$ cat target-v5.cif   # mmCIF, C-alpha atoms (C1' of nucleotides)
data_final
#
loop_
_atom_site.label_atom_id
_atom_site.label_comp_id
_atom_site.auth_asym_id
_atom_site.auth_seq_id
_atom_site.Cartn_x
_atom_site.Cartn_y
_atom_site.Cartn_z
CA MET L 19 -7.64 -53.34 -15.28
CA ASP L 20 -5.03 -56.01 -15.58
CA ASP L 21 -4.05 -58.43 -18.26
CA LEU L 22 -3.86 -61.58 -16.18
CA LYS L 23 -5.64 -64.78 -17.07
CA LYS L 24 -8.89 -65.56 -15.32
CA SER L 25 -7.47 -68.59 -13.54
CA GLU L 26 -4.68 -66.51 -12.10
CA LYS L 27 -7.08 -63.98 -10.74
CA ASP L 28 -9.44 -66.52 -9.32
CA THR L 29 -7.11 -68.69 -7.29
CA LEU L 30 -5.61 -67.75 -4.00
CA SER L 31 -2.25 -68.58 -5.43
CA GLY L 32 -2.82 -66.11 -8.18
CA LYS L 33 -4.02 -63.51 -5.72
CA LEU L 34 -0.82 -63.83 -3.77
CA GLN L 35 1.32 -63.84 -6.87
CA ASN L 36 -0.45 -60.77 -8.19
CA ALA L 37 0.53 -59.11 -4.97
CA GLY L 38 4.11 -60.15 -5.42
CA LEU L 39 3.98 -62.73 -2.64
CA ARG L 40 5.10 -66.30 -3.09
CA PRO L 41 2.24 -68.69 -2.46
CA THR L 42 3.79 -70.60 0.41
CA ARG L 43 1.93 -73.15 2.48
CA GLN L 44 1.51 -70.68 5.32
CA ARG L 45 0.35 -67.79 3.19
CA LEU L 46 -2.12 -69.99 1.34
CA LEU L 47 -3.61 -71.25 4.57
CA LEU L 48 -3.95 -67.74 5.95
CA ALA L 49 -5.39 -66.52 2.67
CA LYS L 50 -7.91 -69.35 2.69
CA ILE L 51 -8.96 -68.36 6.19
CA LEU L 52 -9.11 -64.66 5.46
CA PHE L 53 -10.40 -64.42 1.92
CA ASP L 54 -13.39 -66.71 1.89
CA GLY L 55 -15.63 -64.00 0.57
CA LEU L 56 -17.08 -62.94 3.89
CA PRO L 57 -16.00 -59.64 5.45
CA LYS L 58 -13.82 -60.23 8.48
CA HIS L 59 -12.22 -58.23 11.24
CA VAL L 60 -9.59 -60.27 12.92
CA THR L 61 -6.76 -59.95 15.37
CA ALA L 62 -3.56 -61.93 14.99
CA GLU L 63 -4.64 -64.15 17.86
CA GLN L 64 -7.97 -64.90 16.20
CA VAL L 65 -6.13 -65.95 13.08
CA MET L 66 -3.99 -68.28 15.18
CA THR L 67 -7.14 -69.81 16.59
CA ALA L 68 -8.55 -70.35 13.12
CA VAL L 69 -5.30 -71.97 12.03
CA ARG L 70 -5.41 -74.37 14.97
CA LYS L 71 -9.04 -75.19 14.28
CA ARG L 72 -7.98 -76.42 10.86
CA LYS L 73 -5.20 -78.45 12.43
CA GLY L 74 -2.70 -76.35 10.58
CA HIS L 75 0.40 -74.75 11.91
CA VAL L 76 1.77 -71.29 11.33
CA SER L 77 3.93 -69.57 13.90
CA LEU L 78 2.62 -66.44 15.56
CA ALA L 79 5.47 -64.39 14.17
CA THR L 80 4.57 -65.54 10.68
CA VAL L 81 0.94 -64.66 11.26
CA TYR L 82 1.94 -61.15 12.20
CA ASN L 83 4.36 -60.84 9.33
CA THR L 84 1.85 -62.21 6.87
CA LEU L 85 -0.98 -59.96 8.01
CA ASN L 86 1.34 -57.02 7.59
CA GLN L 87 2.46 -58.21 4.18
CA PHE L 88 -1.14 -58.70 3.04
CA THR L 89 -1.97 -55.25 4.31
CA GLN L 90 1.02 -53.68 2.66
CA ALA L 91 0.18 -55.47 -0.56
CA GLY L 92 -3.32 -53.99 -0.47
CA LEU L 93 -5.09 -57.31 0.06
CA MET L 94 -6.57 -56.11 3.31
CA ARG L 95 -6.43 -53.07 5.53
CA CYS L 96 -6.28 -52.43 9.21
CA VAL L 97 -8.49 -50.62 11.65
CA SER L 98 -7.32 -49.22 14.92
CA VAL L 99 -9.99 -49.03 17.53
CA ASP L 100 -8.52 -48.51 20.88
CA GLN L 101 -6.45 -50.81 22.94
CA SER L 102 -4.60 -48.31 25.09
CA CYS L 103 -5.32 -44.95 23.63
CA ALA L 104 -2.32 -43.55 21.89
CA TYR L 105 -3.35 -39.89 21.81
CA PHE L 106 -4.98 -37.97 24.60
CA ASP L 107 -7.07 -35.08 23.40
CA THR L 108 -7.89 -32.11 25.56
CA THR L 109 -10.93 -31.02 23.55
CA LEU L 110 -14.17 -32.41 24.86
CA GLU L 111 -16.71 -31.07 22.40
CA PRO L 112 -17.59 -33.54 19.67
CA HIS L 113 -15.13 -33.01 16.87
CA HIS L 114 -13.05 -34.94 14.38
CA HIS L 115 -9.48 -35.26 13.29
CA PHE L 116 -6.98 -35.02 10.55
CA PHE L 117 -4.21 -37.53 11.00
CA ASP L 118 -1.06 -36.99 9.01
CA GLU L 119 0.38 -40.40 8.26
CA VAL L 120 3.66 -38.81 7.25
CA SER L 121 4.39 -36.93 10.44
CA GLY L 122 2.17 -38.85 12.85
CA ARG L 123 0.58 -35.56 13.83
CA LEU L 124 -3.06 -35.26 14.77
CA TRP L 125 -5.22 -32.13 14.75
CA ASP L 126 -8.79 -31.03 14.85
CA ILE L 127 -11.06 -30.59 11.88
CA PRO L 128 -12.77 -27.25 12.38
CA GLU L 129 -16.39 -27.52 13.42
CA GLY L 130 -18.63 -27.32 10.39
CA ASP L 131 -15.99 -28.46 7.92
CA LEU L 132 -17.26 -32.00 8.18
CA LYS L 133 -20.81 -33.26 7.94
CA ILE L 134 -21.88 -36.72 8.89
CA SER L 135 -25.08 -38.60 9.49
CA VAL L 136 -24.84 -41.97 11.14
CA PRO L 137 -27.23 -44.90 11.34
CA ASP L 138 -29.14 -45.72 14.51
CA ALA L 139 -27.44 -47.89 17.06
CA PRO L 140 -28.41 -51.54 17.02
CA HIS L 141 -31.12 -52.59 19.44
CA GLY L 142 -30.04 -52.41 23.05
CA ARG L 143 -27.07 -50.20 22.30
CA GLY L 144 -26.53 -46.46 22.33
CA ILE L 145 -24.04 -44.38 20.42
CA ALA L 146 -21.19 -43.53 22.75
CA ARG L 147 -19.54 -41.32 20.20
CA VAL L 148 -18.59 -41.07 16.57
CA ASP L 149 -14.93 -40.88 15.66
CA VAL L 150 -13.94 -39.64 12.25
CA THR L 151 -10.33 -39.64 11.21
CA VAL L 152 -9.35 -38.20 7.87
CA ARG L 153 -6.02 -39.82 7.14
CA LEU L 154 -3.62 -37.79 5.05
CA ASN L 155 -0.63 -38.81 3.02
CA LYS L 156 1.62 -37.13 0.52
CA LYS L 157 -0.20 -35.47 -2.33
CA PRO L 158 -0.58 -37.99 -5.12
CA MET Y 7 7.21 -26.94 45.64
CA ASP Y 8 4.80 -24.50 44.16
CA ASP Y 9 5.65 -23.55 40.64
CA LEU Y 10 2.10 -22.60 39.78
CA LYS Y 11 0.68 -19.11 39.93
CA LYS Y 12 -1.98 -18.72 42.56
CA SER Y 13 -4.84 -17.98 40.19
CA GLU Y 14 -3.97 -20.86 37.92
CA LYS Y 15 -3.59 -23.15 40.81
CA ASP Y 16 -6.98 -22.22 42.17
CA THR Y 17 -8.69 -22.69 38.84
CA LEU Y 18 -7.02 -25.99 38.12
CA SER Y 19 -7.46 -27.10 41.70
CA GLY Y 20 -11.16 -26.55 41.39
CA LYS Y 21 -11.30 -28.35 38.10
CA LEU Y 22 -9.62 -31.38 39.60
CA GLN Y 23 -11.74 -31.28 42.72
CA ASN Y 24 -14.88 -31.04 40.65
CA ALA Y 25 -13.77 -34.20 38.97
CA GLY Y 26 -13.26 -35.89 42.32
CA LEU Y 27 -9.48 -35.82 42.03
CA ARG Y 28 -7.24 -34.50 44.75
CA PRO Y 29 -5.20 -31.59 43.48
CA THR Y 30 -1.76 -33.05 44.06
CA ARG Y 31 1.46 -31.45 42.88
CA GLN Y 32 1.74 -33.93 40.01
CA ARG Y 33 -1.83 -33.58 38.85
CA LEU Y 34 -1.66 -29.81 39.02
CA LEU Y 35 1.47 -29.75 36.93
CA LEU Y 36 -0.02 -32.08 34.34
CA ALA Y 37 -3.25 -30.11 34.35
CA LYS Y 38 -1.32 -26.92 33.81
CA ILE Y 39 0.44 -28.45 30.85
CA LEU Y 40 -2.71 -29.94 29.37
CA PHE Y 41 -5.41 -27.41 30.08
CA ASP Y 42 -3.89 -24.13 28.97
CA GLY Y 43 -6.86 -23.38 26.76
CA LEU Y 44 -5.33 -24.64 23.55
CA PRO Y 45 -6.50 -27.91 22.03
CA LYS Y 46 -3.87 -30.59 22.37
CA HIS Y 47 -3.27 -34.13 21.25
CA VAL Y 48 -0.55 -35.68 23.28
CA THR Y 49 1.05 -39.00 23.96
CA ALA Y 50 2.29 -39.94 27.42
CA GLU Y 51 5.85 -39.49 26.25
CA GLN Y 52 5.12 -35.98 25.01
CA VAL Y 53 3.70 -35.14 28.39
CA MET Y 54 6.88 -36.41 30.00
CA THR Y 55 8.88 -34.16 27.72
CA ALA Y 56 6.76 -31.18 28.66
CA VAL Y 57 7.23 -31.99 32.32
CA ARG Y 58 11.00 -32.13 31.93
CA LYS Y 59 11.01 -28.89 29.98
CA ARG Y 60 9.49 -27.23 33.03
CA LYS Y 61 12.09 -28.86 35.25
CA GLY Y 62 9.36 -30.72 37.01
CA HIS Y 63 9.26 -34.37 37.87
CA VAL Y 64 6.43 -36.83 37.53
CA SER Y 65 7.08 -40.51 37.02
CA LEU Y 66 6.03 -42.10 33.76
CA ALA Y 67 3.65 -44.43 35.57
CA THR Y 68 1.98 -41.45 37.18
CA VAL Y 69 1.68 -39.71 33.84
CA TYR Y 70 -0.12 -42.72 32.44
CA ASN Y 71 -2.29 -43.10 35.48
CA THR Y 72 -3.13 -39.43 35.53
CA LEU Y 73 -3.98 -39.26 31.84
CA ASN Y 74 -6.29 -42.20 32.34
CA GLN Y 75 -7.84 -40.63 35.41
CA PHE Y 76 -8.39 -37.34 33.60
CA THR Y 77 -9.96 -39.23 30.75
CA GLN Y 78 -12.14 -41.29 33.01
CA ALA Y 79 -13.18 -38.15 34.84
CA GLY Y 80 -14.26 -36.60 31.55
CA LEU Y 81 -11.61 -33.89 31.55
CA MET Y 82 -10.19 -35.16 28.29
CA ARG Y 83 -10.74 -37.99 25.89
CA CYS Y 84 -8.58 -40.29 23.87
CA VAL Y 85 -8.15 -40.98 20.22
CA SER Y 86 -6.70 -44.14 18.78
CA VAL Y 87 -5.00 -43.69 15.48
CA ASP Y 88 -2.86 -46.61 14.73
CA GLN Y 89 0.19 -47.89 16.50
CA SER Y 90 0.17 -51.48 15.43
CA CYS Y 91 -3.23 -52.07 13.97
CA ALA Y 92 -5.30 -54.16 16.27
CA TYR Y 93 -7.88 -55.34 13.77
CA PHE Y 94 -7.20 -56.53 10.27
CA ASP Y 95 -10.12 -56.03 7.95
CA THR Y 96 -10.59 -58.07 4.82
CA THR Y 97 -12.92 -55.62 3.13
CA LEU Y 98 -11.16 -53.21 0.84
CA GLU Y 99 -14.00 -51.05 -0.42
CA PRO Y 100 -14.38 -47.82 1.52
CA HIS Y 101 -16.68 -48.54 4.42
CA HIS Y 102 -17.11 -47.75 8.07
CA HIS Y 103 -17.51 -49.51 11.37
CA PHE Y 104 -19.57 -50.05 14.41
CA PHE Y 105 -17.40 -50.82 17.41
CA ASP Y 106 -19.10 -52.34 20.41
CA GLU Y 107 -17.24 -51.10 23.46
CA VAL Y 108 -18.92 -53.74 25.57
CA SER Y 109 -17.86 -56.80 23.61
CA GLY Y 110 -14.90 -55.38 21.72
CA ARG Y 111 -16.50 -56.54 18.51
CA LEU Y 112 -16.19 -54.66 15.25
CA TRP Y 113 -18.43 -54.86 12.20
CA ASP Y 114 -19.25 -53.02 9.04
CA ILE Y 115 -21.81 -50.31 8.67
CA PRO Y 116 -23.82 -51.18 5.59
CA GLU Y 117 -23.02 -49.03 2.58
CA GLY Y 118 -25.47 -46.17 2.37
CA ASP Y 119 -26.37 -46.19 6.05
CA LEU Y 120 -23.82 -43.50 6.69
CA LYS Y 121 -23.30 -40.23 4.89
CA ILE Y 122 -20.27 -38.06 5.28
CA SER Y 123 -18.68 -35.12 3.56
CA VAL Y 124 -15.15 -34.26 4.50
CA PRO Y 125 -13.09 -31.11 4.06
CA ASP Y 126 -10.32 -30.87 1.49
CA ALA Y 127 -6.91 -32.07 2.50
CA PRO Y 128 -4.48 -29.35 3.56
CA HIS Y 129 -2.14 -28.10 0.88
CA GLY Y 130 0.40 -30.66 -0.25
CA ARG Y 131 -1.51 -33.56 1.26
CA GLY Y 132 -4.04 -36.00 -0.13
CA ILE Y 133 -6.74 -37.94 1.63
CA ALA Y 134 -5.50 -41.47 2.13
CA ARG Y 135 -8.80 -42.59 3.55
CA VAL Y 136 -11.55 -41.63 5.94
CA ASP Y 137 -12.18 -43.81 8.95
CA VAL Y 138 -15.47 -43.55 10.76
CA THR Y 139 -16.07 -45.54 13.90
CA VAL Y 140 -19.46 -45.40 15.56
CA ARG Y 141 -18.73 -46.48 19.10
CA LEU Y 142 -21.53 -48.23 20.91
CA ASN Y 143 -22.15 -48.75 24.58
CA LYS Y 144 -25.03 -50.02 26.65
CA LYS Y 145 -28.31 -48.34 25.95
CA PRO Y 146 -28.61 -45.35 28.26
"C1'" DG G 28 21.35 -73.35 -6.74
"C1'" DT G 29 19.76 -68.89 -5.21
"C1'" DG G 30 17.02 -65.94 -3.07
"C1'" DT G 31 12.79 -66.06 -0.13
"C1'" DT G 32 10.30 -67.46 3.75
"C1'" DT G 33 9.69 -69.69 8.12
"C1'" DG G 34 10.07 -70.76 13.09
"C1'" DC G 35 11.91 -70.03 17.22
"C1'" DA G 36 13.29 -67.49 20.92
"C1'" DA G 37 14.91 -63.19 22.17
"C1'" DA G 38 14.30 -58.28 22.12
"C1'" DG G 39 11.37 -54.28 21.93
"C1'" DT G 40 7.39 -51.07 22.81
"C1'" DG G 41 4.09 -48.96 25.22
"C1'" DT G 42 1.27 -49.52 29.21
"C1'" DT G 43 -0.21 -51.29 33.77
"C1'" DT G 44 0.45 -52.98 38.46
"C1'" DG G 45 2.12 -54.22 43.39
"C1'" DC G 46 3.64 -52.24 47.15
"C1'" DA G 47 6.26 -49.33 50.45
"C1'" DA G 48 6.86 -44.50 51.19
"C1'" DT G 49 4.75 -40.09 50.95
"C1'" DT G 50 1.25 -36.74 50.83
"C1'" DT G 51 -3.40 -34.91 51.38
"C1'" DA G 52 -7.61 -33.73 53.78
"C1'" DT O 1 -4.64 -40.21 61.41
"C1'" DA O 2 -6.87 -42.49 57.73
"C1'" DA O 3 -7.26 -42.63 53.01
"C1'" DA O 4 -5.45 -41.38 48.62
"C1'" DT O 5 -1.53 -40.87 45.74
"C1'" DT O 6 3.15 -41.48 44.15
"C1'" DG O 7 7.45 -43.72 42.38
"C1'" DC O 8 9.93 -47.45 41.32
"C1'" DA O 9 10.72 -51.60 39.24
"C1'" DA O 10 8.73 -55.58 37.79
"C1'" DA O 11 5.09 -57.49 35.07
"C1'" DC O 12 2.52 -57.24 31.00
"C1'" DA O 13 0.52 -57.95 26.30
"C1'" DC O 14 1.40 -57.44 21.87
"C1'" DT O 15 4.48 -57.02 18.08
"C1'" DT O 16 8.94 -57.18 15.67
"C1'" DT O 17 13.52 -59.07 14.71
"C1'" DG O 18 17.93 -62.03 14.03
"C1'" DC O 19 19.37 -65.96 12.26
"C1'" DA O 20 19.71 -70.88 10.94
"C1'" DA O 21 16.94 -74.26 8.63
"C1'" DA O 22 13.42 -75.14 5.11
"C1'" DC O 23 11.36 -73.95 0.99
"C1'" DA O 24 9.90 -72.01 -3.75
"C1'" DC O 25 11.20 -71.17 -8.19
#

$ encode --input "target-v5.cif" --output "structure tokens"
Amino acid sequence: MDDLKKSEKDTLSGKLQNAGLRPTRQRLLLAKILFDGLPKHVTAEQVMTAVRKRKGHVSLATVYNTLNQFTQAGLMRCVSVDQSCAYFDTTLEPHHHFFDEVSGRLWDIPEGDLKISVPDAPHGRGIARVDVTVRLNKKP
Amino acid sequence: MDDLKKSEKDTLSGKLQNAGLRPTRQRLLLAKILFDGLPKHVTAEQVMTAVRKRKGHVSLATVYNTLNQFTQAGLMRCVSVDQSCAYFDTTLEPHHHFFDEVSGRLWDIPEGDLKISVPDAPHGRGIARVDVTVRLNKKP
DNA sequence: GTGTTTGCAAAGTGTTTGCAATTTA
DNA sequence: TAAATTGCAAACACTTTGCAAACAC
């Protein structure tokens, strides 16, 4: 828990300040776009588009910097899906991975060490595959 | 220009031919490096390093092309871990994703629709988080 | 005021591509 | 010989950075 006043917690300004970020015009606009209560998955370019739609202006570099700052501050997180695949894996059988955030190393989780049951694919779609990555950091 | 043992060459040759790929010098060398029976997770640059270590030569562009061809041919697969995170996600609570390979869209899997149990972190490491991506394609 | 943040353009990264030369079947 | 493959360098998309001007406190 924290000992901040309600108003501080409830405004975007307060949210930024809580995170140690000055509530600048740009950050407030981005926060308004991002934290409207609905879950979002956005790319930097999509954020730019949203900014333009509101007739605002934030430079692309600032969008990138701000998204990274928000992420670092724990206000959001990031998901890597594909783009150009960073790691090529010689094992074909379905299997999952440990990823060591410290060393950048990736290795297999032994078969049977992980159990998962996934929902059905939406209508008209099939499951291509299921990727599980257990991300490791230094022991807390 | 033959630095591969005959038996290896024949096996790898066949593997490439089965996949509809001509067994060229470059592909054979890369196949030898990649398919030695041990599971591997490599980046293009690591493959380049392995090539140099064997005093071979394959251009970087060919390494990329070949890795993509091998992947496309089903000889290997690729795993995306991070790099610069492509999607920023405003939801902080642990949750997982559907990723539609057709549209490139990403959305949340409703809480409770997915069950997973993961192994303990290796000694000295903690679990930072678990990422599950259910990748969708066109219905088969 | 003082330290922080922004915007711009330039630099950087990792990957793909166009095309002539080479190699394979 | 015809078609596939390679290497190079240039193009590429996306992201980060350096620094002067603008801003928040």

$ calpha_fit_rmsd --input "target-v5.cif" --fixed "chain L" --moving "chain Y"
5.2 Å

$ closest_residue --input "target-v5.cif" --among "G:DT32, G:DA37, G:DA47, G:DA52" --to "chain L" --atoms "all atoms listed in the file"
G:DT32

$ closest_atom_pairs --input "target-v5.cif" --of "chain G" --to "chain L" --cutoff "8 Å" --atoms "only C-alpha atoms (C1' of nucleotides)" --output "JSON lines"
{"residue": "G:DT32", "atom": "C1'", "partner": "L:Thr42", "partner_atom": "CA", "distance": 8.0}
{"residue": "G:DT33", "atom": "C1'", "partner": "L:Thr80", "partner_atom": "CA", "distance": 7.1}
{"residue": "G:DG34", "atom": "C1'", "partner": "L:Ser77", "partner_atom": "CA", "distance": 6.3}
{"residue": "G:DT42", "atom": "C1'", "partner": "L:Ser102", "partner_atom": "CA", "distance": 7.3}

$ resolve_selection --input "target-v5.cif" --expression "the PyMOL selection byres ((chain O) within 12 of (chain Y))" --output "PyMOL selection string"
chain O and resi 3-9+14-16

$ write_last_selection --input "target-v5.cif" --atoms "C-alpha atoms (C1' of nucleotides)" --output "PDB file, keeping the file's coordinate frame"
ATOM      1  C1'  DA O   3      -7.260 -42.630  53.010  1.00  0.00           C
ATOM      2  C1'  DA O   4      -5.450 -41.380  48.620  1.00  0.00           C
ATOM      3  C1'  DT O   5      -1.530 -40.870  45.740  1.00  0.00           C
ATOM      4  C1'  DT O   6       3.150 -41.480  44.150  1.00  0.00           C
ATOM      5  C1'  DG O   7       7.450 -43.720  42.380  1.00  0.00           C
ATOM      6  C1'  DC O   8       9.930 -47.450  41.320  1.00  0.00           C
ATOM      7  C1'  DA O   9      10.720 -51.600  39.240  1.00  0.00           C
ATOM      8  C1'  DC O  14       1.400 -57.440  21.870  1.00  0.00           C
ATOM      9  C1'  DT O  15       4.480 -57.020  18.080  1.00  0.00           C
ATOM     10  C1'  DT O  16       8.940 -57.180  15.670  1.00  0.00           C
TER      11       DT O  16
END

$ residues_around --input "target-v5.cif" --residues "Gly122 of chain L" --least-positions-apart "2" --cutoff "12 Å" --atoms "all atoms listed in the file" --output "PDB file with C-alpha atoms, keeping the file's coordinate frame"
ATOM      1  CA  ALA L 104      -2.320 -43.550  21.890  1.00  0.00           C
ATOM      2  CA  TYR L 105      -3.350 -39.890  21.810  1.00  0.00           C
ATOM      3  CA  PHE L 116      -6.980 -35.020  10.550  1.00  0.00           C
ATOM      4  CA  PHE L 117      -4.210 -37.530  11.000  1.00  0.00           C
ATOM      5  CA  ASP L 118      -1.060 -36.990   9.010  1.00  0.00           C
ATOM      6  CA  GLU L 119       0.380 -40.400   8.260  1.00  0.00           C
ATOM      7  CA  VAL L 120       3.660 -38.810   7.250  1.00  0.00           C
ATOM      8  CA  LEU L 124      -3.060 -35.260  14.770  1.00  0.00           C
ATOM      9  CA  TRP L 125      -5.220 -32.130  14.750  1.00  0.00           C
ATOM     10  CA  ARG L 153      -6.020 -39.820   7.140  1.00  0.00           C
ATOM     11  CA  LEU L 154      -3.620 -37.790   5.050  1.00  0.00           C
ATOM     12  CA  ASN L 155      -0.630 -38.810   3.020  1.00  0.00           C
TER      13      ASN L 155
ATOM     14  CA  HIS Y  47      -3.270 -34.130  21.250  1.00  0.00           C
ATOM     15  CA  VAL Y  48      -0.550 -35.680  23.280  1.00  0.00           C
ATOM     16  CA  THR Y  49       1.050 -39.000  23.960  1.00  0.00           C
ATOM     17  CA  SER Y  86      -6.700 -44.140  18.780  1.00  0.00           C
ATOM     18  CA  VAL Y  87      -5.000 -43.690  15.480  1.00  0.00           C
ATOM     19  CA  ASP Y  88      -2.860 -46.610  14.730  1.00  0.00           C
ATOM     20  CA  GLN Y  89       0.190 -47.890  16.500  1.00  0.00           C
TER      21      GLN Y  89
END

$ interface_residues --input "target-v5.cif" --of "chain Y" --to "chain L" --cutoff "7 Å" --atoms "only C-alpha atoms" --output "PyMOL selection string"
chain Y and resi 40-41+45-49+82-88+91-98+112+119-125+130-146

$ write_last_selection --input "target-v5.cif" --atoms "C-alpha atoms" --output "tab-separated table (two decimals), keeping the file's coordinate frame"
chain	number	residue	atom	x	y	z
Y	40	LEU	CA	-2.71	-29.94	29.37
Y	41	PHE	CA	-5.41	-27.41	30.08
Y	45	PRO	CA	-6.50	-27.91	22.03
Y	46	LYS	CA	-3.87	-30.59	22.37
Y	47	HIS	CA	-3.27	-34.13	21.25
Y	48	VAL	CA	-0.55	-35.68	23.28
Y	49	THR	CA	1.05	-39.00	23.96
Y	82	MET	CA	-10.19	-35.16	28.29
Y	83	ARG	CA	-10.74	-37.99	25.89
Y	84	CYS	CA	-8.58	-40.29	23.87
Y	85	VAL	CA	-8.15	-40.98	20.22
Y	86	SER	CA	-6.70	-44.14	18.78
Y	87	VAL	CA	-5.00	-43.69	15.48
Y	88	ASP	CA	-2.86	-46.61	14.73
Y	91	CYS	CA	-3.23	-52.07	13.97
Y	92	ALA	CA	-5.30	-54.16	16.27
Y	93	TYR	CA	-7.88	-55.34	13.77
Y	94	PHE	CA	-7.20	-56.53	10.27
Y	95	ASP	CA	-10.12	-56.03	7.95
Y	96	THR	CA	-10.59	-58.07	4.82
Y	97	THR	CA	-12.92	-55.62	3.13
Y	98	LEU	CA	-11.16	-53.21	0.84
Y	112	LEU	CA	-16.19	-54.66	15.25
Y	119	ASP	CA	-26.37	-46.19	6.05
Y	120	LEU	CA	-23.82	-43.50	6.69
Y	121	LYS	CA	-23.30	-40.23	4.89
Y	122	ILE	CA	-20.27	-38.06	5.28
Y	123	SER	CA	-18.68	-35.12	3.56
Y	124	VAL	CA	-15.15	-34.26	4.50
Y	125	PRO	CA	-13.09	-31.11	4.06
Y	130	GLY	CA	0.40	-30.66	-0.25
Y	131	ARG	CA	-1.51	-33.56	1.26
Y	132	GLY	CA	-4.04	-36.00	-0.13
Y	133	ILE	CA	-6.74	-37.94	1.63
Y	134	ALA	CA	-5.50	-41.47	2.13
Y	135	ARG	CA	-8.80	-42.59	3.55
Y	136	VAL	CA	-11.55	-41.63	5.94
Y	137	ASP	CA	-12.18	-43.81	8.95
Y	138	VAL	CA	-15.47	-43.55	10.76
Y	139	THR	CA	-16.07	-45.54	13.90
Y	140	VAL	CA	-19.46	-45.40	15.56
Y	141	ARG	CA	-18.73	-46.48	19.10
Y	142	LEU	CA	-21.53	-48.23	20.91
Y	143	ASN	CA	-22.15	-48.75	24.58
Y	144	LYS	CA	-25.03	-50.02	26.65
Y	145	LYS	CA	-28.31	-48.34	25.95
Y	146	PRO	CA	-28.61	-45.35	28.26

$ resolve_selection --input "target-v5.cif" --expression "the PyMOL selection byres ((chain G and resi 45) around 9)" --output "ChimeraX atom specification"
/G:44,46 /O:10

$ atom_distance --input "target-v5.cif" --atom1 "atom CA of Gln87 of chain L" --atom2 "atom CA of Asn36 of chain L"
13.0 Å

$ atom_distance --input "target-v5.cif" --atom1 "atom CA of Lys59 of chain Y" --atom2 "atom CA of Leu18 of chain Y"
20.0 Å

$ atom_distance --input "target-v5.cif" --atom1 "atom CA of Val57 of chain Y" --atom2 "atom CA of Thr17 of chain Y"
19.6 Å

$ closest_residue --input "target-v5.cif" --among "G:DT43, G:DT29, G:DA36, G:DT50" --to "DT17 of chain O" --atoms "all atoms listed in the file"
G:DA36
